[in-house]
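structure-v3.pdb follows (PDB, C-alpha atoms and all ligand atoms):
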```
ATOM      1  CA  VAL A   1       6.852 -26.444  -4.102
ATOM      2  CA  SER A   2       4.378 -28.708  -5.825
ATOM      3  CA  VAL A   3       1.354 -27.462  -7.702
ATOM      4  CA  SER A   4      -0.927 -29.234  -5.234
ATOM      5  CA  GLU A   5       0.354 -27.120  -2.334
ATOM      6  CA  PHE A   6      -0.716 -23.974  -4.154
ATOM      7  CA  ASP A   7      -3.978 -25.737  -4.976
ATOM      8  CA  LEU A   8      -4.534 -26.165  -1.245
ATOM      9  CA  ILE A   9      -3.902 -22.464  -0.733
ATOM     10  CA  SER A  10      -6.670 -21.628  -3.216
ATOM     11  CA  ARG A  11      -9.079 -23.837  -1.293
ATOM     12  CA  PHE A  12      -7.951 -22.045   1.857
ATOM     13  CA  PHE A  13      -8.851 -18.716   0.217
ATOM     14  CA  ALA A  14     -12.358 -19.994  -0.552
ATOM     15  CA  GLN A  15     -13.075 -20.273   3.191
ATOM     16  CA  ALA A  16     -11.403 -16.986   4.100
ATOM     17  CA  THR A  17     -14.356 -14.601   3.962
ATOM     18  CA  ALA A  18     -18.117 -14.723   4.571
ATOM     19  CA  ALA A  19     -20.500 -15.522   1.719
ATOM     20  CA  ARG A  20     -22.498 -12.695   0.104
ATOM     21  CA  ALA A  21     -25.862 -13.268  -1.593
ATOM     22  CA  ASP A  22     -24.681 -11.415  -4.716
ATOM     23  CA  VAL A  23     -21.909 -13.959  -5.318
ATOM     24  CA  LEU A  24     -23.597 -16.534  -7.552
ATOM     25  CA  LEU A  25     -20.392 -18.556  -7.808
ATOM     26  CA  GLY A  26     -17.274 -17.934  -5.753
ATOM     27  CA  ILE A  27     -13.800 -19.474  -5.764
ATOM     28  CA  GLY A  28     -13.534 -22.906  -7.369
ATOM     29  CA  ASP A  29     -14.563 -22.528 -11.011
ATOM     30  CA  ASP A  30     -12.716 -20.773 -13.827
ATOM     31  CA  CYS A  31     -14.383 -17.460 -12.965
ATOM     32  CA  ALA A  32     -16.580 -16.111 -10.212
ATOM     33  CA  LEU A  33     -20.129 -15.089 -11.152
ATOM     34  CA  LEU A  34     -21.188 -11.833  -9.528
ATOM     35  CA  GLN A  35     -24.513  -9.991  -9.542
ATOM     36  CA  PRO A  36     -24.255  -6.204  -9.132
ATOM     37  CA  PRO A  37     -27.438  -4.473  -7.939
ATOM     38  CA  ALA A  38     -29.676  -2.960 -10.632
ATOM     39  CA  GLY A  39     -28.837   0.679 -11.355
ATOM     40  CA  ALA A  40     -25.450   0.695  -9.628
ATOM     41  CA  CYS A  41     -22.205   0.901 -11.507
ATOM     42  CA  LEU A  42     -19.099  -1.029 -10.514
ATOM     43  CA  ALA A  43     -16.222   0.888  -8.991
ATOM     44  CA  THR A  44     -13.056  -1.156  -9.434
ATOM     45  CA  GLY A  45      -9.494  -0.620  -8.294
ATOM     46  CA  ILE A  46      -6.243  -2.596  -8.065
ATOM     47  CA  ASP A  47      -3.037  -2.221  -6.093
ATOM     48  CA  THR A  48       0.206  -4.202  -5.895
ATOM     49  CA  LEU A  49       2.561  -4.383  -2.919
ATOM     50  CA  VAL A  50       6.079  -5.631  -3.665
ATOM     51  CA  GLU A  51       8.596  -6.749  -1.047
ATOM     52  CA  GLY A  52      11.514  -4.330  -0.785
ATOM     53  CA  ARG A  53       9.544  -1.548  -2.450
ATOM     54  CA  HIS A  54       6.350  -1.255  -0.412
ATOM     55  CA  PHE A  55       7.211  -3.276   2.676
ATOM     56  CA  VAL A  56      10.195  -4.862   4.392
ATOM     57  CA  SER A  57      10.692  -8.627   4.422
ATOM     58  CA  ASN A  58      10.180  -9.071   8.177
ATOM     59  CA  VAL A  59       6.811  -7.291   8.295
ATOM     60  CA  ASP A  60       4.034  -9.045  10.241
ATOM     61  CA  PRO A  61       2.089 -11.051   7.599
ATOM     62  CA  ALA A  62      -1.245 -10.270   9.334
ATOM     63  CA  ALA A  63      -0.532  -6.539   8.987
ATOM     64  CA  LEU A  64       0.407  -7.111   5.347
ATOM     65  CA  GLY A  65      -2.891  -8.916   4.696
ATOM     66  CA  HIS A  66      -4.723  -6.014   6.316
ATOM     67  CA  LYS A  67      -2.826  -3.361   4.380
ATOM     68  CA  ALA A  68      -3.111  -5.078   0.996
ATOM     69  CA  LEU A  69      -6.899  -4.891   1.300
ATOM     70  CA  ALA A  70      -6.992  -1.552   3.157
ATOM     71  CA  VAL A  71      -5.225   0.427   0.426
ATOM     72  CA  ASN A  72      -7.776  -0.848  -2.084
ATOM     73  CA  LEU A  73     -10.772  -0.136   0.169
ATOM     74  CA  SER A  74      -9.360   3.366   0.581
ATOM     75  CA  ASP A  75      -9.656   3.866  -3.192
ATOM     76  CA  LEU A  76     -13.293   2.710  -3.101
ATOM     77  CA  ALA A  77     -13.893   5.097  -0.177
ATOM     78  CA  ALA A  78     -12.495   7.964  -2.247
ATOM     79  CA  MET A  79     -15.177   7.307  -4.897
ATOM     80  CA  GLY A  80     -17.970   6.999  -2.323
ATOM     81  CA  ALA A  81     -18.424   3.340  -3.263
ATOM     82  CA  GLU A  82     -19.725   0.511  -1.096
ATOM     83  CA  PRO A  83     -17.201  -2.387  -1.083
ATOM     84  CA  ALA A  84     -18.399  -5.835  -2.157
ATOM     85  CA  TRP A  85     -15.841  -8.171  -3.727
ATOM     86  CA  ALA A  86     -12.106  -8.717  -3.870
ATOM     87  CA  THR A  87      -9.669 -10.885  -5.791
ATOM     88  CA  LEU A  88      -6.159 -11.656  -4.610
ATOM     89  CA  SER A  89      -3.056 -12.668  -6.527
ATOM     90  CA  LEU A  90      -0.134 -13.788  -4.390
ATOM     91  CA  THR A  91       3.383 -14.528  -5.567
ATOM     92  CA  LEU A  92       5.235 -16.389  -2.834
ATOM     93  CA  PRO A  93       8.799 -17.688  -2.588
ATOM     94  CA  ARG A  94       7.401 -20.835  -0.947
ATOM     95  CA  ALA A  95       4.135 -22.199   0.430
ATOM     96  CA  ASP A  96       4.699 -21.313   4.108
ATOM     97  CA  SER A  97       1.441 -22.232   5.813
ATOM     98  CA  ALA A  98       2.103 -20.263   9.048
ATOM     99  CA  TRP A  99       2.909 -17.096   7.074
ATOM    100  CA  LEU A 100      -0.099 -17.638   4.852
ATOM    101  CA  GLY A 101      -2.442 -18.322   7.751
ATOM    102  CA  SER A 102      -1.490 -14.999   9.344
ATOM    103  CA  PHE A 103      -1.715 -13.130   6.054
ATOM    104  CA  VAL A 104      -5.202 -14.460   5.305
ATOM    105  CA  ALA A 105      -6.328 -13.778   8.909
ATOM    106  CA  GLY A 106      -5.295 -10.114   8.575
ATOM    107  CA  PHE A 107      -6.993  -9.853   5.186
ATOM    108  CA  ALA A 108     -10.155 -11.648   6.342
ATOM    109  CA  ALA A 109     -10.616  -9.575   9.517
ATOM    110  CA  LEU A 110     -10.726  -6.338   7.522
ATOM    111  CA  ALA A 111     -12.863  -7.993   4.811
ATOM    112  CA  ALA A 112     -15.414  -9.023   7.476
ATOM    113  CA  GLU A 113     -15.558  -5.461   8.808
ATOM    114  CA  HIS A 114     -16.605  -4.242   5.357
ATOM    115  CA  ARG A 115     -18.648  -7.300   4.243
ATOM    116  CA  VAL A 116     -16.193  -7.997   1.442
ATOM    117  CA  GLN A 117     -16.071 -11.485  -0.051
ATOM    118  CA  LEU A 118     -12.900 -12.851  -1.633
ATOM    119  CA  VAL A 119     -14.175 -14.249  -4.954
ATOM    120  CA  GLY A 120     -10.937 -15.164  -6.703
ATOM    121  CA  GLY A 121      -7.450 -16.125  -5.619
ATOM    122  CA  ASP A 122      -4.342 -17.020  -7.550
ATOM    123  CA  THR A 123      -0.931 -18.094  -6.290
ATOM    124  CA  THR A 124       2.379 -18.379  -8.099
ATOM    125  CA  ARG A 125       5.914 -19.052  -6.946
ATOM    126  CA  GLY A 126       8.368 -16.149  -7.132
ATOM    127  CA  PRO A 127       9.574 -13.089  -5.200
ATOM    128  CA  LEU A 128       6.921 -11.970  -2.662
ATOM    129  CA  SER A 129       4.324  -9.721  -4.286
ATOM    130  CA  ILE A 130       0.668  -9.130  -3.454
ATOM    131  CA  THR A 131      -1.989  -7.797  -5.816
ATOM    132  CA  VAL A 132      -5.520  -7.116  -4.629
ATOM    133  CA  GLN A 133      -8.376  -5.961  -6.813
ATOM    134  CA  VAL A 134     -11.613  -4.712  -5.285
ATOM    135  CA  GLN A 135     -15.064  -3.999  -6.625
ATOM    136  CA  GLY A 136     -17.788  -1.928  -5.060
ATOM    137  CA  PHE A 137     -21.053  -0.265  -5.998
ATOM    138  CA  VAL A 138     -21.829   3.382  -6.490
ATOM    139  CA  ASP A 139     -24.569   5.430  -8.130
ATOM    140  CA  PRO A 140     -22.824   6.514 -11.353
ATOM    141  CA  ALA A 141     -24.268  10.035 -11.119
ATOM    142  CA  ALA A 142     -23.106  10.467  -7.517
ATOM    143  CA  ALA A 143     -19.605   8.897  -7.526
ATOM    144  CA  LEU A 144     -16.969  11.216  -6.032
ATOM    145  CA  ARG A 145     -14.533  12.251  -8.738
ATOM    146  CA  ARG A 146     -11.270  14.076  -8.208
ATOM    147  CA  SER A 147     -12.195  16.345 -11.119
ATOM    148  CA  ALA A 148     -15.327  17.820  -9.472
ATOM    149  CA  GLY A 149     -13.648  20.529  -7.351
ATOM    150  CA  ARG A 150     -14.914  24.117  -7.846
ATOM    151  CA  VAL A 151     -13.283  27.464  -7.085
ATOM    152  CA  GLY A 152     -14.390  28.510  -3.594
ATOM    153  CA  ASP A 153     -14.898  24.944  -2.305
ATOM    154  CA  ARG A 154     -13.634  24.398   1.218
ATOM    155  CA  VAL A 155     -10.945  21.701   1.469
ATOM    156  CA  PHE A 156     -11.229  19.055   4.189
ATOM    157  CA  VAL A 157      -9.224  16.048   5.380
ATOM    158  CA  SER A 158     -10.175  13.152   7.661
ATOM    159  CA  GLY A 159      -8.177  11.762  10.588
ATOM    160  CA  THR A 160      -4.596  12.900  11.169
ATOM    161  CA  LEU A 161      -1.781  13.466   8.690
ATOM    162  CA  GLY A 162       1.821  12.299   8.635
ATOM    163  CA  ASP A 163       1.710   9.468  11.195
ATOM    164  CA  ALA A 164       2.749   6.714   8.774
ATOM    165  CA  GLY A 165       5.325   8.980   7.137
ATOM    166  CA  LEU A 166       6.917   9.736  10.490
ATOM    167  CA  ALA A 167       6.977   6.036  11.419
ATOM    168  CA  LEU A 168       8.732   5.248   8.150
ATOM    169  CA  ALA A 169      11.174   8.159   8.313
ATOM    170  CA  ARG A 170      12.125   7.799  11.973
ATOM    171  CA  PRO A 171      11.285   4.319  13.317
ATOM    172  CA  ASP A 172      13.630   4.843  16.302
ATOM    173  CA  HIS A 173      12.614   8.446  17.052
ATOM    174  CA  ASP A 174      14.103   8.911  20.545
ATOM    175  CA  ALA A 175      11.970  11.948  21.446
ATOM    176  CA  LEU A 176       8.864   9.726  21.439
ATOM    177  CA  SER A 177       7.464   7.407  24.084
ATOM    178  CA  GLY A 178       7.069   3.699  23.315
ATOM    179  CA  ALA A 179       3.310   4.199  23.127
ATOM    180  CA  GLN A 180       3.680   7.035  20.598
ATOM    181  CA  ARG A 181       6.033   4.952  18.459
ATOM    182  CA  ALA A 182       3.586   2.038  18.589
ATOM    183  CA  PHE A 183       0.750   4.362  17.531
ATOM    184  CA  LEU A 184       2.720   5.653  14.526
ATOM    185  CA  GLN A 185       3.793   2.142  13.515
ATOM    186  CA  ARG A 186       0.188   0.974  13.668
ATOM    187  CA  ARG A 187      -0.868   3.871  11.449
ATOM    188  CA  LEU A 188       1.775   2.712   8.933
ATOM    189  CA  ASP A 189       1.082  -1.035   9.151
ATOM    190  CA  ARG A 190      -2.694  -1.058   9.622
ATOM    191  CA  PRO A 191      -4.247   1.965   7.912
ATOM    192  CA  THR A 192      -7.985   2.503   8.385
ATOM    193  CA  PRO A 193      -9.817   2.872   5.069
ATOM    194  CA  ARG A 194     -12.429   5.635   5.489
ATOM    195  CA  VAL A 195     -15.228   3.719   3.797
ATOM    196  CA  ALA A 196     -18.109   5.024   5.946
ATOM    197  CA  LEU A 197     -16.926   8.600   5.480
ATOM    198  CA  GLY A 198     -16.731   8.114   1.707
ATOM    199  CA  ARG A 199     -20.345   6.875   1.670
ATOM    200  CA  LEU A 200     -21.375   9.867   3.764
ATOM    201  CA  LEU A 201     -19.689  12.282   1.347
ATOM    202  CA  VAL A 202     -21.821  11.126  -1.597
ATOM    203  CA  GLY A 203     -24.153  14.027  -2.389
ATOM    204  CA  ARG A 204     -22.332  16.261   0.140
ATOM    205  CA  ALA A 205     -18.811  16.705  -1.246
ATOM    206  CA  ASN A 206     -17.734  17.805  -4.712
ATOM    207  CA  ALA A 207     -14.304  16.255  -5.344
ATOM    208  CA  ALA A 208     -12.521  13.560  -3.313
ATOM    209  CA  ILE A 209      -9.277  11.585  -3.359
ATOM    210  CA  ASP A 210      -7.563   9.342  -0.830
ATOM    211  CA  ILE A 211      -4.164  10.399   0.495
ATOM    212  CA  SER A 212      -1.637   7.734  -0.448
ATOM    213  CA  ASP A 213       1.256   9.883  -1.691
ATOM    214  CA  GLY A 214       0.970  12.640   0.947
ATOM    215  CA  LEU A 215      -1.388  15.594   1.313
ATOM    216  CA  ALA A 216       0.462  17.944  -1.050
ATOM    217  CA  ALA A 217       0.856  15.388  -3.869
ATOM    218  CA  ASP A 218      -2.728  14.145  -3.716
ATOM    219  CA  LEU A 219      -4.114  17.682  -3.375
ATOM    220  CA  GLY A 220      -2.072  18.435  -6.505
ATOM    221  CA  HIS A 221      -3.793  15.541  -8.297
ATOM    222  CA  LEU A 222      -7.218  16.814  -7.246
ATOM    223  CA  CYS A 223      -6.410  20.389  -8.263
ATOM    224  CA  ARG A 224      -5.026  19.451 -11.688
ATOM    225  CA  ALA A 225      -8.017  17.189 -12.404
ATOM    226  CA  SER A 226     -10.402  19.974 -11.356
ATOM    227  CA  GLY A 227      -8.515  22.775 -13.134
ATOM    228  CA  VAL A 228      -8.092  24.780  -9.917
ATOM    229  CA  GLY A 229      -5.455  25.634  -7.297
ATOM    230  CA  ALA A 230      -5.577  25.576  -3.486
ATOM    231  CA  ARG A 231      -4.638  27.627  -0.436
ATOM    232  CA  ILE A 232      -3.838  25.548   2.619
ATOM    233  CA  GLU A 233      -3.479  26.916   6.166
ATOM    234  CA  LEU A 234      -0.826  24.800   7.850
ATOM    235  CA  ALA A 235      -1.999  25.781  11.349
ATOM    236  CA  ARG A 236      -5.220  23.890  10.621
ATOM    237  CA  LEU A 237      -3.649  20.544   9.591
ATOM    238  CA  PRO A 238      -4.961  17.781  11.856
ATOM    239  CA  THR A 239      -2.008  15.974  13.440
ATOM    240  CA  SER A 240      -1.321  13.524  16.259
ATOM    241  CA  PRO A 241       0.911  14.812  19.100
ATOM    242  CA  ALA A 242       4.060  13.246  17.588
ATOM    243  CA  VAL A 243       3.562  14.874  14.171
ATOM    244  CA  ALA A 244       2.381  18.131  15.783
ATOM    245  CA  ALA A 245       5.722  18.273  17.602
ATOM    246  CA  GLU A 246       7.536  17.917  14.265
ATOM    247  CA  CYS A 247       5.432  20.733  12.756
ATOM    248  CA  ALA A 248       6.051  22.934  15.807
ATOM    249  CA  ARG A 249       9.788  22.767  15.163
ATOM    250  CA  GLY A 250       9.285  23.694  11.500
ATOM    251  CA  GLU A 251       9.413  20.151  10.091
ATOM    252  CA  TRP A 252       6.303  20.021   7.883
ATOM    253  CA  ARG A 253       7.338  17.262   5.470
ATOM    254  CA  HIS A 254       5.684  14.442   7.440
ATOM    255  CA  ALA A 255       2.263  16.109   7.543
ATOM    256  CA  LEU A 256       2.478  17.427   3.965
ATOM    257  CA  ALA A 257       4.356  14.726   2.114
ATOM    258  CA  GLY A 258       4.744  11.675   4.359
ATOM    259  CA  GLY A 259       2.435   9.413   2.364
ATOM    260  CA  ASP A 260       0.581   6.246   3.373
ATOM    261  CA  ASP A 261      -2.045   8.257   5.307
ATOM    262  CA  TYR A 262      -5.078   6.681   3.600
ATOM    263  CA  GLU A 263      -7.205   9.554   4.838
ATOM    264  CA  LEU A 264      -9.757  11.240   2.568
ATOM    265  CA  LEU A 265      -9.146  14.676   1.087
ATOM    266  CA  PHE A 266     -12.287  16.331  -0.287
ATOM    267  CA  SER A 267     -13.804  19.633  -1.335
ATOM    268  CA  VAL A 268     -17.207  20.962  -0.290
ATOM    269  CA  ASP A 269     -19.337  23.824  -1.598
ATOM    270  CA  PRO A 270     -19.288  26.562   1.106
ATOM    271  CA  ALA A 271     -23.111  26.532   1.268
ATOM    272  CA  ARG A 272     -23.029  22.849   2.229
ATOM    273  CA  VAL A 273     -20.265  22.950   4.859
ATOM    274  CA  GLU A 274     -22.552  23.348   7.856
ATOM    275  CA  ALA A 275     -24.738  20.376   6.880
ATOM    276  CA  LEU A 276     -21.641  18.304   6.169
ATOM    277  CA  LEU A 277     -20.149  19.053   9.583
ATOM    278  CA  ARG A 278     -23.443  18.096  11.268
ATOM    279  CA  ALA A 279     -23.570  14.800   9.349
ATOM    280  CA  CYS A 280     -19.924  14.012  10.202
ATOM    281  CA  ALA A 281     -20.442  14.805  13.891
ATOM    282  CA  ALA A 282     -23.553  12.602  14.009
ATOM    283  CA  ALA A 283     -21.620   9.735  12.376
ATOM    284  CA  GLY A 284     -18.538  10.159  14.586
ATOM    285  CA  GLN A 285     -16.343  11.042  11.587
ATOM    286  CA  ALA A 286     -13.438  13.377  12.353
ATOM    287  CA  VAL A 287     -12.891  15.875   9.547
ATOM    288  CA  GLN A 288     -11.000  19.163   9.507
ATOM    289  CA  GLU A 289     -11.218  22.135   7.144
ATOM    290  CA  ILE A 290      -7.692  23.073   6.027
ATOM    291  CA  GLY A 291      -8.184  25.607   3.226
ATOM    292  CA  HIS A 292     -10.054  26.297   0.014
ATOM    293  CA  LEU A 293      -9.829  25.967  -3.764
ATOM    294  CA  VAL A 294      -8.834  28.989  -5.859
ATOM    295  CA  ALA A 295      -8.794  29.851  -9.568
ATOM    296  CA  GLU A 296      -5.002  30.287  -9.811
ATOM    297  CA  ASP A 297      -3.037  27.089 -10.505
ATOM    298  CA  GLY A 298      -0.818  25.560  -7.865
ATOM    299  CA  ILE A 299      -0.839  25.090  -4.120
ATOM    300  CA  THR A 300      -0.102  27.962  -1.757
ATOM    301  CA  LEU A 301       0.906  27.040   1.779
ATOM    302  CA  ILE A 302       0.133  29.582   4.493
ATOM    303  CA  TYR A 303       2.455  29.058   7.460
ATOM    304  CA  PRO A 304       1.271  29.770  11.030
ATOM    305  CA  ASP A 305       3.340  33.002  11.069
ATOM    306  CA  GLY A 306       1.493  34.242   7.959
ATOM    307  CA  ARG A 307       4.333  33.529   5.523
ATOM    308  CA  MET A 308       3.050  32.223   2.180
ATOM    309  CA  SER A 309       4.931  29.773  -0.032
ATOM    310  CA  ALA A 310       4.371  27.716  -3.158
ATOM    311  CA  GLU A 311       7.305  25.529  -2.147
ATOM    312  CA  VAL A 312       6.129  22.135  -0.829
ATOM    313  CA  PRO A 313       8.579  20.313   1.461
ATOM    314  CA  HIS A 314       9.744  16.980   0.047
ATOM    315  CA  GLY A 315       8.648  13.712   1.607
ATOM    316  CA  PHE A 316      11.040  11.260   3.157
ATOM    317  CA  ASP A 317      12.737   9.567   0.229
ATOM    318  CA  HIS A 318      11.991   5.949   1.076
ATOM    319  CA  PHE A 319      11.637   2.911  -1.144
ATOM    320  CA  ARG A 320       7.960   3.508  -1.946
ATOM    321  CA  GLU A 321       7.370   5.029  -5.339
TER     322      GLU A 321
HETATM  323 MG    MG B   1      -6.345   6.643  -4.519
END
```
What does this structure look like when you write it as structure tokens?
Amino acid sequence: VSVSEFDLISRFFAQATAARADVLLGIGDDCALLQPPAGACLATGIDTLVEGRHFVSNVDPAALGHKALAVNLSDLAAMGAEPAWATLSLTLPRADSAWLGSFVAGFAALAAEHRVQLVGGDTTRGPLSITVQVQGFVDPAAALRRSAGRVGDRVFVSGTLGDAGLALARPDHDALSGAQRAFLQRRLDRPTPRVALGRLLVGRANAAIDISDGLAADLGHLCRASGVGARIELARLPTSPAVAAECARGEWRHALAGGDDYELLFSVDPARVEALLRACAAAGQAVQEIGHLVAEDGITLIYPDGRMSAEVPHGFDHFRE
């Protein structure tokens, strides 16, 4: 692969996303020049996907382009930030223009949905690896931190839990219809970053985190950062029919520890729950209360039969770390 081929790719990146007024200089110079709004602070996050660790080699490149950006937007959502800019570093075994066209199309479609402009792109030859960095804006005093949970806060999650984990653990699940399998696979391949919900939570929620490692692990992160514990009622976990069927037969690991959900987990002062639920209903955002924060360390799971346990089922031990 010649240098000029990768040069062409960079020019291709420059056309990938729509132009924003706050990009004074985009792709093409040594650096981009970006103008954040007065008074906002920059929220910035980065994530790398590596072939063989985070995805399999035959994955649809359009889905990969979507997911590489989606996991980053999910982190911005968890801070309550408004997405603005992204940079992309691609390591490719070869300059395959069909693969790249699909990858950029998947990336660009999600970028357009969130008005994100790609302002820097770099390509190198090597084993397939994708790094995306995103920047967004948030009022520094109002950003959602995982450390802001208080004893007594109600704990909420968005969407449904365990779909991606079930798709990864049991891709050929024979108890499911083709449509159910397709739904789970889509939840794994094309997660929906909850950006609008994150914006809505600013000023309404205390602590927030996005669920990338599974509900139990990310709730653990929130609790440790906040210096609290949590009680979770398993009967209240929001699940799709396929995951609900797993839970009904006592298999809770997908909902609790599946990972790759990219839903938001957040805590709300009890006095503000009613207003929050009204705002979510008005905005068409599905959220579900699943428990509350307590003073004692650790997570207590309350099973539907009333049994209580501090033992969290392990996730499917796949290649993601
Ligand atoms: Mg996160």
Closest atom pairs, chain A residues within 6 Å of ligand MG 1 (chain B), only C-alpha atoms and all ligand atoms, as CSV:
```
residue,atom,partner,partner_atom,distance
A:Asp75,CA,B:MG1,MG,4.5
A:Ile209,CA,B:MG1,MG,5.9
A:Asp210,CA,B:MG1,MG,4.7
```
For the structure shown, which residues end up in the PyMOL selection byres (((chain A and resi 172-185) around 10) and not hetatm)? Put them as a list in words, please?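 Taken over the shown coordinates, the PyMOL selection byres (((chain A and resi 172-185) around 10) and not hetatm) returns Gly162, Asp163, Ala164, Gly165, Leu166, Ala167, Leu168, Ala169, Arg170, Pro171, Arg186, Arg187, Leu188, Asp189, Arg190, Pro191, Ser240, Pro241, Ala242, Val243 and Ala245 of chain A.
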d(atom CA of A:Gln288, atom CA of A:His221) in Å: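 Going from atom CA of A:Gln288 over to atom CA of A:His221 covers 19.5 Å.
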I'd like the residues picked by the PyMOL selection byres (((chain A and resi 244) around 12) and not hetatm) written out as a VMD selection string, using the chain letters and numbers from the file. chain A and resid 160 to 163 166 234 to 243 245 to 256
Check the smallest atom-to-atom distance from each of A:Arg278, A:Arg20, A:Arg231, A:Arg272 to A:Ser309 using only C-alpha atoms, then report the winner. A:Arg231
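Candidate residues A:Val151, A:Ala205, A:Ala111, A:Val294 were compared for distance to A:Ala16, and the nearest is A:Ala111, using only C-alpha atoms.
With all atoms listed in the file as the basis for measurement, A:Val119 is the residue among A:Val119, A:Val71, A:Leu90, A:Val273 that approaches A:Cys31 most closely.
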Top pick for closest residue to A:Val228, considering A:Leu24, A:Arg146, A:Val59, A:Ser102 and counting all atoms listed in the file: A:Arg146
Between A:Ala70, A:Ile290, A:Arg150, A:Ala257, which one has atoms that come closest to A:Glu311, using only C-alpha atoms?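 Nearest candidate to A:Glu311 out of A:Ala70, A:Ile290, A:Arg150, A:Ala257: A:Ala257.
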Need the shell around A:Gly198: protein/DNA/RNA residues with any atom at most 12 Å away, counting only C-alpha atoms. Skip same-chain ones fewer than 2 positions apart. Format as number ranges by chain? A: 73-83, 138, 142-145, 157-158, 193-196, 200-210, 262-266, 280, 283, 285, 287
Tell me which protein, DNA and RNA residues are within 9 Å of A:Gly298, counting only C-alpha atoms, leaving out same-chain ones fewer than 2 positions away, and put them as a PyMOL selection string. chain A and resi 220+223-224+228-231+294+296+300+310
Gap from atom CA of A:Ala286 to atom CA of A:Lys67 - Å, one decimal: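 Answer for the atom CA of A:Ala286 to atom CA of A:Lys67 separation: 21.4 Å.
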Tell me which protein, DNA and RNA residues are within 10 Å of A:Ala109, counting only C-alpha atoms, leaving out same-chain ones fewer than 6 positions away, and put them as an mmCIF file with C-alpha atoms, in the coordinates of the input.
```
data_model
loop_
_atom_site.group_PDB
_atom_site.id
_atom_site.type_symbol
_atom_site.label_atom_id
_atom_site.label_comp_id
_atom_site.auth_asym_id
_atom_site.auth_seq_id
_atom_site.Cartn_x
_atom_site.Cartn_y
_atom_site.Cartn_z
ATOM 1 C CA ALA A 16 -11.403 -16.986 4.100
ATOM 2 C CA THR A 17 -14.356 -14.601 3.962
ATOM 3 C CA ALA A 62 -1.245 -10.270 9.334
ATOM 4 C CA GLY A 65 -2.891 -8.916 4.696
ATOM 5 C CA HIS A 66 -4.723 -6.014 6.316
ATOM 6 C CA ARG A 115 -18.648 -7.300 4.243
ATOM 7 C CA VAL A 116 -16.193 -7.997 1.442
#
```
Nearest to A:Ser10, restricted to all atoms listed in the file and choosing among A:Ala279, A:Ala95, A:Ala271, A:Leu49, comes out as A:Ala95
Would you kindly return, as a PDB file with C-alpha atoms, in the coordinates of the input, each protein, DNA or RNA residue with an atom no farther than 8 Å from any atom of A:Arg154, considering all atoms listed in the file and excluding same-chain residues fewer than 3 positions away?
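This is the output file out_11.pdb:
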```pdb
ATOM      1  CA  SER A 267     -13.804  19.633  -1.335  1.00  0.00           C
ATOM      2  CA  VAL A 268     -17.207  20.962  -0.290  1.00  0.00           C
ATOM      3  CA  ASP A 269     -19.337  23.824  -1.598  1.00  0.00           C
ATOM      4  CA  PRO A 270     -19.288  26.562   1.106  1.00  0.00           C
ATOM      5  CA  VAL A 273     -20.265  22.950   4.859  1.00  0.00           C
ATOM      6  CA  GLU A 289     -11.218  22.135   7.144  1.00  0.00           C
ATOM      7  CA  ILE A 290      -7.692  23.073   6.027  1.00  0.00           C
ATOM      8  CA  GLY A 291      -8.184  25.607   3.226  1.00  0.00           C
ATOM      9  CA  HIS A 292     -10.054  26.297   0.014  1.00  0.00           C
ATOM     10  CA  LEU A 293      -9.829  25.967  -3.764  1.00  0.00           C
TER      11      LEU A 293
END
```
Point-to-point distance from atom CA of A:Asp30 to atom CA of A:Ala14, Å rounded to tenths: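 Distance between the two atoms: 13.3 Å.
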